[in-house]
Amino acid sequence: MTMPARAKHGAIVVLNAGSSSVKFAAFACEPDAAEVAERLLHGEIDGTGASAKLVAWKDDGTPLSGEDLMAAEAKAGHDAHALGLLFGWLKRQLPDHRVRGVAHRVVHGGERFTRPVRVTPEVLAQLEALVPLAPLHQPHNLAAIRAIAQMAPALPQIACFDTAFHAGQDWVAQAYALPRHIRDAGVRRYGFHGLSYEYIAGALPARLGPQAEGRIVVAHLGNGASLCALRARRSVATTMGFTALDGLVMGTRCGSLDPGVVLYLAREMHLSPAGIEKLLYQESGLLGVSEISSDMRTLEDSADPRAAAAIDLFVHRIGRELGSLAAALGGIDALVFTAGIGEHSRTVRQRVCEGAAWLGLELDEAANQAHAARISTPGSRVSAWVIPTNEELMLARHAQALLAAKNNR
């Protein structure tokens with residue numbers, strides 16, 4: 001007698017593809033469920049070709065072996081099969097789950113894509129046209145989409161955009177003082193890190209209560225860094241603009257720069273457009289100032305005065321932009337730190353909060369040292385918080401919502 005096949009649960013895979021790594025996670029879900037269930041596993045493929053290394057964990061922190069994938073990748077000797085090998089590995093790790101869709105973080109959605117969308121050939125072509133606006137990220141985001149489309153053409157893929165959260169800002173927050181025909185060509189402030197800000201906006205009521213609807217500045221501080229002003233948990237202003245170069249000092253990106261500097265680099269220093277792009281995206285920021293590292297942890301551990309100078313500039317620029325966003329909001333009720341530096345660097349948080357004392361923020365030093373959720377004193381007029389972000393969960397939620405809507409038509 002033939003036994004019936006065991007029914008499989010659903011899973012959504014989320015991918016954040018970069019130049020030399022692919023971060024991934026899998027979330028349990030059912031076809032008609034309103035929400036994804038628990039995260040099943042997560043990990044990262046770091047490096048390329050035979051040198052690639054996979055590290056992964058179950059959601060409870062138990063390490064998972066990536067030996068099967070690495071052995072196959074080393075045998076292949078190139079990157080062409082990396083995602084195929086990853087999905088084969090996921091199938092072995094999750095035998096009771098069938099992948100129902102893949103959600104991708106795509107940095108730039110331009111003016112057209114202001115919400116998550118299922119990827120079609122037409123959508124992919126439109127996203128390709130935005131590569132010049134995010135040359136450090138967009139090509140790798142789209143390469144992963146193309147690879148999966150070739151591997152599994154029928155598998156739904158959902159693109160989720162870092163620009164989308166800011167799409168509802170007033171025009172004055174988005175506009176540059178340039179001729180109208182240039183603005184009509186799409187040259188405006190877009191803002192980024194939207195998936196992170198969207199997650200934090202959803203998490204605020206549980207932490208801040210009624211204050212969550214007030215005037216909040218969120219500091220997404222990582223290798224990429226920006227600030228976002230929220231009112232009623234919606235984006236009012238943000239420090240990044242037309243590209244992800246603008247605003248704060250970052251790991252290897254310069255942040256705000258007088259446009260005249262770019263003209264000078266081209267005219268007087270004879271740098272090509274490609275050379276300027278490399279300089280501003282890959283050789284500046286913490287790395288360029290310190291000449292040591294783009295990693296805040298390395299700089300904080302260093303006694304080299306160049307490391308201290310890089311941190312000083314990083315903190316100074318946060319303070320200036322914080323004042324700007326407080327002005328855009330007409331005051332500030334709370335400051336939230338998130339992302340790698342924001343969640344883990346006591347020193348940066350302390351210095352930013354001390355610099356914001358003029359706004360009415362009083363740091364609780366013991367709470368900050370303990371990485372507490374609230375790091376301001378009970379009597380502080382402006383509260384300060386540390387809230388871990390979860391862009392993976394936002395990707396999974398958006399994918400599930402689109403897939404469920406299609407199933408319920």
# chains A, B, ... in the order shown; residues from 1 in each chain; ligands from 1

$ select_by_dssp --residues "stretch 158-253 of chain A" --states "alpha helix (DSSP H)" --output "list of chain:residue names"
A:Trp171, A:Val172, A:Ala173, A:Gln174, A:Arg180, A:His181, A:Ile182, A:Arg183, A:Asp184, A:Gly194, A:Leu195, A:Ser196, A:Tyr197, A:Glu198, A:Tyr199, A:Ile200, A:Ala201, A:Gly202, A:Ala203, A:Leu204, A:Pro205, A:Ala206, A:Arg207, A:Leu208

$ write_last_selection --atoms "C-alpha atoms" --output "PDB file, in the first residue's frame"
ATOM      1  CA  TRP A 171       7.662  67.733  -1.956  1.00  0.00           C
ATOM      2  CA  VAL A 172       9.829  70.302  -0.163  1.00  0.00           C
ATOM      3  CA  ALA A 173      11.550  67.471   1.712  1.00  0.00           C
ATOM      4  CA  GLN A 174      12.255  65.713  -1.578  1.00  0.00           C
ATOM      5  CA  ARG A 180      12.166  71.775 -13.235  1.00  0.00           C
ATOM      6  CA  HIS A 181      13.140  69.667 -16.250  1.00  0.00           C
ATOM      7  CA  ILE A 182      15.896  68.053 -14.173  1.00  0.00           C
ATOM      8  CA  ARG A 183      13.463  67.361 -11.339  1.00  0.00           C
ATOM      9  CA  ASP A 184      11.041  65.906 -13.877  1.00  0.00           C
ATOM     10  CA  GLY A 194      13.441  52.351   4.479  1.00  0.00           C
ATOM     11  CA  LEU A 195      12.952  48.698   5.432  1.00  0.00           C
ATOM     12  CA  SER A 196      14.805  49.314   8.687  1.00  0.00           C
ATOM     13  CA  TYR A 197      12.813  52.477   9.440  1.00  0.00           C
ATOM     14  CA  GLU A 198       9.568  50.726   8.592  1.00  0.00           C
ATOM     15  CA  TYR A 199      10.355  47.981  11.095  1.00  0.00           C
ATOM     16  CA  ILE A 200      11.281  50.484  13.818  1.00  0.00           C
ATOM     17  CA  ALA A 201       8.100  52.494  13.146  1.00  0.00           C
ATOM     18  CA  GLY A 202       6.081  49.321  13.721  1.00  0.00           C
ATOM     19  CA  ALA A 203       7.992  48.493  16.905  1.00  0.00           C
ATOM     20  CA  LEU A 204       7.684  51.933  18.511  1.00  0.00           C
ATOM     21  CA  PRO A 205       4.240  51.587  20.176  1.00  0.00           C
ATOM     22  CA  ALA A 206       5.325  48.552  22.206  1.00  0.00           C
ATOM     23  CA  ARG A 207       8.327  50.495  23.545  1.00  0.00           C
ATOM     24  CA  LEU A 208       7.243  54.121  23.710  1.00  0.00           C
TER      25      LEU A 208
END

$ atom_distance --atom1 "atom CA of A:Thr252" --atom2 "atom CA of A:His137"
13.5 Å

$ atom_distance --atom1 "atom CA of A:Val102" --atom2 "atom CA of A:Ala129"
22.0 Å

$ select_by_dssp --residues "stretch 244-390 of chain A" --states "strand (DSSP E or B)" --output "ChimeraX atom specification"
/A:334-338,361,363,374,376,382-386

$ write_last_selection --atoms "N, CA, C and O atoms" --output "compact mmCIF listing (two decimals), in the first residue's frame"
# COMPACT_ATOMS: atom_id res chain seq x y z
N ALA A 334 11.80 61.73 21.07
CA ALA A 334 12.59 60.53 21.34
C ALA A 334 13.63 60.34 20.25
O ALA A 334 13.41 60.71 19.09
N LEU A 335 14.75 59.74 20.65
CA LEU A 335 15.82 59.36 19.74
C LEU A 335 16.01 57.86 19.85
O LEU A 335 16.14 57.33 20.96
N VAL A 336 16.02 57.18 18.71
CA VAL A 336 16.14 55.72 18.68
C VAL A 336 17.40 55.33 17.92
O VAL A 336 17.61 55.78 16.79
N PHE A 337 18.24 54.50 18.54
CA PHE A 337 19.43 53.96 17.88
C PHE A 337 19.14 52.55 17.38
O PHE A 337 18.53 51.74 18.09
N THR A 338 19.62 52.26 16.16
CA THR A 338 19.46 50.91 15.63
C THR A 338 20.60 50.61 14.66
O THR A 338 21.45 51.45 14.40
N LEU A 361 17.88 65.92 26.23
CA LEU A 361 18.16 64.50 26.40
C LEU A 361 19.20 64.31 27.50
O LEU A 361 20.29 64.89 27.44
N LEU A 363 21.34 61.37 29.32
CA LEU A 363 21.75 59.97 29.21
C LEU A 363 21.82 59.30 30.58
O LEU A 363 22.34 59.87 31.54
N ARG A 374 15.95 51.32 27.14
CA ARG A 374 15.90 52.77 27.33
C ARG A 374 17.21 53.21 27.95
O ARG A 374 17.63 52.67 28.99
N SER A 376 17.99 56.67 28.43
CA SER A 376 17.85 58.01 29.00
C SER A 376 17.31 57.89 30.41
O SER A 376 16.71 56.87 30.79
N VAL A 382 13.59 64.34 26.58
CA VAL A 382 13.68 63.54 25.35
C VAL A 382 14.18 62.16 25.73
O VAL A 382 15.24 62.03 26.35
N SER A 383 13.43 61.14 25.41
CA SER A 383 13.86 59.78 25.75
C SER A 383 14.78 59.23 24.67
O SER A 383 14.73 59.65 23.52
N ALA A 384 15.65 58.30 25.05
CA ALA A 384 16.57 57.66 24.10
C ALA A 384 16.47 56.16 24.25
O ALA A 384 16.38 55.64 25.38
N TRP A 385 16.48 55.46 23.11
CA TRP A 385 16.20 54.03 23.09
C TRP A 385 17.18 53.31 22.18
O TRP A 385 17.74 53.89 21.25
N VAL A 386 17.32 52.01 22.43
CA VAL A 386 18.04 51.11 21.54
C VAL A 386 17.06 50.02 21.12
O VAL A 386 16.59 49.25 21.97

$ closest_atom_pairs --of "stretch 239-298 of chain A" --to "stretch 108-116 of chain A" --cutoff "12 Å" --atoms "only C-alpha atoms" --output "JSON lines"
{"residue": "A:Gly241", "atom": "CA", "partner": "A:His108", "partner_atom": "CA", "distance": 11.4}
{"residue": "A:Phe242", "atom": "CA", "partner": "A:Gly110", "partner_atom": "CA", "distance": 9.4}
{"residue": "A:Thr243", "atom": "CA", "partner": "A:His108", "partner_atom": "CA", "distance": 8.7}
{"residue": "A:Ala244", "atom": "CA", "partner": "A:His108", "partner_atom": "CA", "distance": 9.3}

$ residues_around --residues "A:Lys23" --least-positions-apart "5" --cutoff "9 Å" --atoms "only C-alpha atoms" --output "PDB file with N, CA, C and O atoms, in the first residue's frame"
ATOM      1  N   VAL A  14      14.219  35.045   2.301  1.00  0.00           N
ATOM      2  CA  VAL A  14      14.576  36.444   2.077  1.00  0.00           C
ATOM      3  C   VAL A  14      16.063  36.526   1.781  1.00  0.00           C
ATOM      4  O   VAL A  14      16.869  35.817   2.390  1.00  0.00           O
ATOM      5  N   LEU A  15      16.414  37.382   0.828  1.00  0.00           N
ATOM      6  CA  LEU A  15      17.803  37.530   0.392  1.00  0.00           C
ATOM      7  C   LEU A  15      18.199  38.996   0.399  1.00  0.00           C
ATOM      8  O   LEU A  15      17.434  39.865  -0.039  1.00  0.00           O
ATOM      9  N   ASN A  16      19.407  39.249   0.870  1.00  0.00           N
ATOM     10  CA  ASN A  16      20.033  40.572   0.780  1.00  0.00           C
ATOM     11  C   ASN A  16      21.387  40.345   0.129  1.00  0.00           C
ATOM     12  O   ASN A  16      22.354  39.957   0.789  1.00  0.00           O
ATOM     13  N   ALA A  17      21.438  40.526  -1.182  1.00  0.00           N
ATOM     14  CA  ALA A  17      22.633  40.196  -1.953  1.00  0.00           C
ATOM     15  C   ALA A  17      23.530  41.408  -2.090  1.00  0.00           C
ATOM     16  O   ALA A  17      23.096  42.465  -2.570  1.00  0.00           O
ATOM     17  N   GLY A  18      24.786  41.251  -1.679  1.00  0.00           N
ATOM     18  CA  GLY A  18      25.776  42.304  -1.811  1.00  0.00           C
ATOM     19  C   GLY A  18      26.872  41.914  -2.774  1.00  0.00           C
ATOM     20  O   GLY A  18      26.786  40.897  -3.471  1.00  0.00           O
ATOM     21  N   HIS A  42      18.750  31.318   9.582  1.00  0.00           N
ATOM     22  CA  HIS A  42      19.320  32.487   8.909  1.00  0.00           C
ATOM     23  C   HIS A  42      20.818  32.296   8.790  1.00  0.00           C
ATOM     24  O   HIS A  42      21.418  31.478   9.501  1.00  0.00           O
ATOM     25  N   GLY A  43      21.424  33.031   7.867  1.00  0.00           N
ATOM     26  CA  GLY A  43      22.855  32.882   7.682  1.00  0.00           C
ATOM     27  C   GLY A  43      23.388  33.795   6.609  1.00  0.00           C
ATOM     28  O   GLY A  43      22.718  34.730   6.152  1.00  0.00           O
ATOM     29  N   GLU A  44      24.602  33.492   6.165  1.00  0.00           N
ATOM     30  CA  GLU A  44      25.280  34.339   5.196  1.00  0.00           C
ATOM     31  C   GLU A  44      26.301  33.513   4.421  1.00  0.00           C
ATOM     32  O   GLU A  44      26.983  32.656   4.993  1.00  0.00           O
ATOM     33  N   ILE A  45      26.364  33.744   3.131  1.00  0.00           N
ATOM     34  CA  ILE A  45      27.476  33.243   2.323  1.00  0.00           C
ATOM     35  C   ILE A  45      28.431  34.411   2.148  1.00  0.00           C
ATOM     36  O   ILE A  45      28.080  35.435   1.557  1.00  0.00           O
ATOM     37  N   ASP A  46      29.629  34.282   2.693  1.00  0.00           N
ATOM     38  CA  ASP A  46      30.619  35.347   2.655  1.00  0.00           C
ATOM     39  C   ASP A  46      31.736  34.948   1.707  1.00  0.00           C
ATOM     40  O   ASP A  46      32.315  33.863   1.840  1.00  0.00           O
TER      41      ASP A  46
END

$ residues_around --residues "stretch 402-406 of chain A" --least-positions-apart "4" --cutoff "7 Å" --atoms "only C-alpha atoms" --output "ChimeraX atom specification"
/A:31-33,398

$ atom_distance --atom1 "atom CA of A:Val315" --atom2 "atom CA of A:Glu291"
17.6 Å

$ residues_around --residues "A:Leu393" --least-positions-apart "2" --cutoff "9 Å" --atoms "only C-alpha atoms" --output "list in words"
Val14, Phe27, Val36, Arg39, Tyr199, Asn390, Glu391, Leu395, Ala396, Arg397 and His398 of chain A

$ closest_residue --among "A:Asn141, A:Ser380, A:Gln211, A:Gln169" --to "A:Ala232" --atoms "only C-alpha atoms"
A:Gln211

$ closest_residue --among "A:Leu94, A:Ala367, A:Met240, A:Ala356" --to "A:Cys254" --atoms "only C-alpha atoms"
A:Met240

$ closest_residue --among "A:Ala143, A:Leu287, A:Ala164, A:Ala366" --to "A:Ser235" --atoms "only C-alpha atoms"
A:Ala164

$ residues_around --residues "A:Ala56" --least-positions-apart "2" --cutoff "10 Å" --atoms "only C-alpha atoms" --output "list in words"
Lys23, Phe24, Ala25, Leu41, His42, Gly43, Glu44, Ile45, Leu54, Lys58, Asp59, Gly61, Thr62, Pro63, Leu64, Ser65 and Gly66 of chain A
